[in-house]
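Pasted below: final.pdb, PDB, C-alpha atoms.
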```pdb
ATOM      1  CA  MET N 362       2.531  -8.895  15.618  1.00  0.00           C
ATOM      2  CA  LYS N 363      -1.001  -9.534  16.790  1.00  0.00           C
ATOM      3  CA  CYS N 364      -4.466  -8.529  15.620  1.00  0.00           C
ATOM      4  CA  LYS N 365      -7.881  -9.360  17.077  1.00  0.00           C
ATOM      5  CA  ILE N 366     -11.171  -9.218  15.162  1.00  0.00           C
ATOM      6  CA  SER N 367     -14.453  -9.333  17.067  1.00  0.00           C
ATOM      7  CA  ARG N 368     -17.248 -11.677  15.997  1.00  0.00           C
ATOM      8  CA  ASN N 369     -19.411  -8.809  14.678  1.00  0.00           C
ATOM      9  CA  ALA N 370     -16.504  -7.346  12.705  1.00  0.00           C
ATOM     10  CA  ALA N 371     -15.583 -10.753  11.254  1.00  0.00           C
ATOM     11  CA  LYS N 372     -19.154 -11.260  10.037  1.00  0.00           C
ATOM     12  CA  MET N 373     -19.157  -7.905   8.224  1.00  0.00           C
ATOM     13  CA  LEU N 374     -15.612  -8.319   6.871  1.00  0.00           C
ATOM     14  CA  LEU N 375     -16.218 -11.833   5.533  1.00  0.00           C
ATOM     15  CA  ALA N 376     -19.246 -10.553   3.607  1.00  0.00           C
ATOM     16  CA  GLU N 377     -17.077  -7.818   2.068  1.00  0.00           C
ATOM     17  CA  MET N 378     -14.232 -10.216   1.297  1.00  0.00           C
ATOM     18  CA  GLU N 379     -16.588 -12.554  -0.568  1.00  0.00           C
ATOM     19  CA  GLN N 380     -17.358  -9.828  -3.116  1.00  0.00           C
ATOM     20  CA  GLU N 381     -15.938 -10.716  -6.529  1.00  0.00           C
ATOM     21  CA  GLU N 382     -13.682  -7.632  -6.660  1.00  0.00           C
ATOM     22  CA  ASN N 383     -12.120  -8.562  -3.305  1.00  0.00           C
ATOM     23  CA  LYS N 384     -11.529 -12.300  -3.881  1.00  0.00           C
ATOM     24  CA  ASP N 385      -7.737 -11.963  -4.169  1.00  0.00           C
ATOM     25  CA  LEU N 386      -7.320  -9.272  -1.496  1.00  0.00           C
ATOM     26  CA  LYS N 387      -6.730  -9.301   2.244  1.00  0.00           C
ATOM     27  CA  LEU N 388      -7.778  -6.905   4.966  1.00  0.00           C
ATOM     28  CA  ARG N 389      -5.245  -4.167   5.700  1.00  0.00           C
ATOM     29  CA  VAL N 390      -5.235  -2.252   8.985  1.00  0.00           C
ATOM     30  CA  TYR N 391      -3.150   0.910   8.755  1.00  0.00           C
ATOM     31  CA  VAL N 392      -2.331   4.058  10.685  1.00  0.00           C
ATOM     32  CA  THR N 393      -4.081   7.123   9.241  1.00  0.00           C
ATOM     33  CA  HIS N 394      -2.217   9.491  11.565  1.00  0.00           C
ATOM     34  CA  LYS N 395      -0.455   9.384  14.886  1.00  0.00           C
ATOM     35  CA  HIS N 396       0.419  11.845  17.584  1.00  0.00           C
ATOM     36  CA  GLY N 397       2.081  11.288  20.889  1.00  0.00           C
ATOM     37  CA  ASP N 398       1.807   7.666  21.943  1.00  0.00           C
ATOM     38  CA  HIS N 399      -1.350   6.751  20.048  1.00  0.00           C
ATOM     39  CA  ALA N 400      -2.727   6.501  16.530  1.00  0.00           C
ATOM     40  CA  HIS N 401      -5.897   6.595  14.490  1.00  0.00           C
ATOM     41  CA  TYR N 402      -6.522   3.637  12.199  1.00  0.00           C
ATOM     42  CA  GLY N 403      -8.091   2.794   8.869  1.00  0.00           C
ATOM     43  CA  LEU N 404      -9.220  -0.368   7.083  1.00  0.00           C
ATOM     44  CA  GLY N 405      -8.975  -1.368   3.447  1.00  0.00           C
ATOM     45  CA  MET N 406      -8.672  -4.280   1.051  1.00  0.00           C
ATOM     46  CA  ASP N 407      -5.151  -4.721  -0.324  1.00  0.00           C
ATOM     47  CA  THR N 408      -2.325  -7.073  -1.251  1.00  0.00           C
ATOM     48  CA  PRO N 409       0.766  -7.418   0.960  1.00  0.00           C
ATOM     49  CA  THR N 410       4.129  -5.915   0.002  1.00  0.00           C
ATOM     50  CA  GLU N 411       7.651  -6.618   1.229  1.00  0.00           C
ATOM     51  CA  ASN N 412       7.102  -4.011   3.983  1.00  0.00           C
ATOM     52  CA  ASP N 413       4.188  -5.961   5.452  1.00  0.00           C
ATOM     53  CA  VAL N 414       3.482  -8.972   7.603  1.00  0.00           C
ATOM     54  CA  VAL N 415       0.333 -11.067   7.203  1.00  0.00           C
ATOM     55  CA  VAL N 416      -1.153 -12.027  10.565  1.00  0.00           C
ATOM     56  CA  ALA N 417      -3.633 -14.886  10.984  1.00  0.00           C
ATOM     57  CA  THR N 418      -6.513 -14.185  13.378  1.00  0.00           C
ATOM     58  CA  ASP N 419      -8.766 -16.568  15.281  1.00  0.00           C
ATOM     59  CA  SER N 420     -11.675 -15.353  13.129  1.00  0.00           C
ATOM     60  CA  GLY N 421     -10.094 -16.932  10.038  1.00  0.00           C
ATOM     61  CA  ILE N 422      -9.268 -13.567   8.455  1.00  0.00           C
ATOM     62  CA  ASP N 423      -5.673 -12.801   7.515  1.00  0.00           C
ATOM     63  CA  VAL N 424      -4.701  -9.186   8.175  1.00  0.00           C
ATOM     64  CA  ILE N 425      -1.939  -7.149   6.524  1.00  0.00           C
ATOM     65  CA  LEU N 426       0.069  -4.974   8.926  1.00  0.00           C
ATOM     66  CA  GLN N 427       3.053  -2.761   8.113  1.00  0.00           C
ATOM     67  CA  LYS N 428       5.887  -4.556   9.882  1.00  0.00           C
ATOM     68  CA  ASP N 429       7.852  -1.485  11.003  1.00  0.00           C
ATOM     69  CA  GLU N 430       4.861   0.249  12.679  1.00  0.00           C
ATOM     70  CA  PRO N 431       4.751  -0.640  16.397  1.00  0.00           C
ATOM     71  CA  LEU N 432       1.338   1.026  16.890  1.00  0.00           C
ATOM     72  CA  LEU N 433      -0.204  -1.726  14.726  1.00  0.00           C
ATOM     73  CA  ASP N 434       0.922  -4.554  17.005  1.00  0.00           C
ATOM     74  CA  GLY N 435      -2.096  -5.521  19.098  1.00  0.00           C
ATOM     75  CA  VAL N 436      -4.819  -3.729  17.104  1.00  0.00           C
ATOM     76  CA  ARG N 437      -8.436  -4.770  17.610  1.00  0.00           C
ATOM     77  CA  VAL N 438     -11.136  -4.454  14.944  1.00  0.00           C
ATOM     78  CA  ASP N 439     -14.713  -4.195  16.220  1.00  0.00           C
ATOM     79  CA  TYR N 440     -18.056  -3.539  14.575  1.00  0.00           C
ATOM     80  CA  PHE N 441     -20.757  -1.712  16.496  1.00  0.00           C
ATOM     81  CA  TYR N 442     -24.438  -1.249  15.721  1.00  0.00           C
ATOM     82  CA  LEU N 443     -25.058   1.459  18.333  1.00  0.00           C
ATOM     83  CA  PRO N 444     -24.755   4.413  18.841  1.00  0.00           C
ATOM     84  CA  GLU N 445     -23.628   4.467  15.186  1.00  0.00           C
ATOM     85  CA  GLU N 446     -23.166   1.480  12.923  1.00  0.00           C
ATOM     86  CA  GLY N 447     -19.602   0.963  11.742  1.00  0.00           C
ATOM     87  CA  PHE N 448     -16.110  -0.337  12.358  1.00  0.00           C
ATOM     88  CA  ALA N 449     -13.891   0.814  15.202  1.00  0.00           C
ATOM     89  CA  VAL N 450     -10.168   0.063  15.300  1.00  0.00           C
ATOM     90  CA  THR N 451      -8.307   0.495  18.565  1.00  0.00           C
ATOM     91  CA  ASN N 452      -5.113  -0.725  20.155  1.00  0.00           C
ATOM     92  CA  PRO N 453      -5.717  -1.441  23.846  1.00  0.00           C
ATOM     93  CA  SER N 454      -2.167  -2.805  24.224  1.00  0.00           C
ATOM     94  CA  LYS N 455      -0.836   0.669  23.392  1.00  0.00           C
ATOM     95  CA  GLY N 456      -3.322   2.571  25.553  1.00  0.00           C
ATOM     96  CA  ASN N 457      -5.496   3.618  22.608  1.00  0.00           C
ATOM     97  CA  HIS N 458      -9.092   2.843  23.505  1.00  0.00           C
ATOM     98  CA  GLY N 459     -10.732   4.717  20.649  1.00  0.00           C
ATOM     99  CA  ASP N 460     -10.844   8.045  18.899  1.00  0.00           C
ATOM    100  CA  HIS N 461     -11.170  11.244  20.851  1.00  0.00           C
TER     101      HIS N 461
END
```
Structure re-expressed in structure tokens:
Amino acid sequence: MKCKISRNAAKMLLAEMEQEENKDLKLRVYVTHKHGDHAHYGLGMDTPTENDVVVATDSGIDVILQKDEPLLDGVRVDYFYLPEEGFAVTNPSKGNHGDH
């Protein structure tokens, strides 16, 4: 499984991960709901379970993905400042280029 984190997202995530309450946690990307051939995604801090795989990214952040969810393979985490500040999770490899 693969996951990509943009430079802006990595900067924001690393700041969150350095918080004392998150020291022992990893970033989890998960499917909030899916319909048809695409999904909507969420982010959280968590610990991996036996149903997960931990994926190393080139940003130095390990990401937890549920191993039996094909819509998670190839996710991309971005952080935008405009038009609204916040994270955006998409999966271009599955044809999902953002929420609708």
Residue IDs satisfying the PyMOL selection byres ((chain N and resi 389) around 12), as JSON, numbers by chain: {"N": [364, 374, 378, 386, 387, 388, 390, 391, 392, 393, 402, 403, 404, 405, 406, 407, 408, 409, 410, 413, 414, 415, 416, 422, 423, 424, 425, 426, 427, 428, 433, 436, 438, 450]}
Result set of the PyMOL selection byres ((chain N and resi 455) around 10) on the coordinates above, as number ranges by chain: N: 398-400, 431-436, 451-454, 456-458
Please produce an output containing C-alpha atoms for each residue in the selection, written as a PDB file, keeping the file's coordinate frame.
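Ended up saving to again.pdb:
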```
ATOM      1  CA  ASP N 398       1.807   7.666  21.943  1.00  0.00           C
ATOM      2  CA  HIS N 399      -1.350   6.751  20.048  1.00  0.00           C
ATOM      3  CA  ALA N 400      -2.727   6.501  16.530  1.00  0.00           C
ATOM      4  CA  PRO N 431       4.751  -0.640  16.397  1.00  0.00           C
ATOM      5  CA  LEU N 432       1.338   1.026  16.890  1.00  0.00           C
ATOM      6  CA  LEU N 433      -0.204  -1.726  14.726  1.00  0.00           C
ATOM      7  CA  ASP N 434       0.922  -4.554  17.005  1.00  0.00           C
ATOM      8  CA  GLY N 435      -2.096  -5.521  19.098  1.00  0.00           C
ATOM      9  CA  VAL N 436      -4.819  -3.729  17.104  1.00  0.00           C
ATOM     10  CA  THR N 451      -8.307   0.495  18.565  1.00  0.00           C
ATOM     11  CA  ASN N 452      -5.113  -0.725  20.155  1.00  0.00           C
ATOM     12  CA  PRO N 453      -5.717  -1.441  23.846  1.00  0.00           C
ATOM     13  CA  SER N 454      -2.167  -2.805  24.224  1.00  0.00           C
ATOM     14  CA  GLY N 456      -3.322   2.571  25.553  1.00  0.00           C
ATOM     15  CA  ASN N 457      -5.496   3.618  22.608  1.00  0.00           C
ATOM     16  CA  HIS N 458      -9.092   2.843  23.505  1.00  0.00           C
TER      17      HIS N 458
END
```
Please identify all polymer residues within 10 Å of Met373 (chain N), counting all atoms listed in the file, omitting same-chain residues fewer than 3 positions from it, and present them as a list in words.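 Answer for this query is Arg368, Asn369, Ala370, Ala376, Glu377, Met378, Asp439, Tyr440, Gly447 and Phe448 of chain N.
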In Å, rounded to a single decimal, give me how far CA of Met362 (chain N) is from CA of Glu379 (chain N).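 Computing it gives 25.3 Å between the two atoms.
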Take CA of Gly421 (chain N) and CA of Leu375 (chain N) and report the distance between them in Å, one decimal.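 Separation between CA of Gly421 (chain N) and CA of Leu375 (chain N): 9.2 Å.
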With distances taken over all atoms listed in the file, which of N:Glu430, N:Ser420, N:Glu411, N:Leu443 is nearest to Ile366 (chain N)? N:Ser420
Compare N:His401, N:Lys384, N:His394, N:Lys365 by their minimum atom-to-atom distance to Asp419 (chain N), counting all atoms listed in the file, and give me the closest one. N:Lys365
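CA of Asn412 (chain N) to CA of Asp429 (chain N) spans 7.5 Å [interatomic distance, one decimal].
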Just need the box for region 404-419 of chain N, edges along x, y and z, holding every atom the file lists for it with 5 Å tacked onto each side, so centre and edge lengths in Å to one decimal, as JSON.
```
{"center_x": -0.8, "center_y": -8.5, "center_z": 7.0, "size_x": 26.9, "size_y": 26.2, "size_z": 26.5}
```
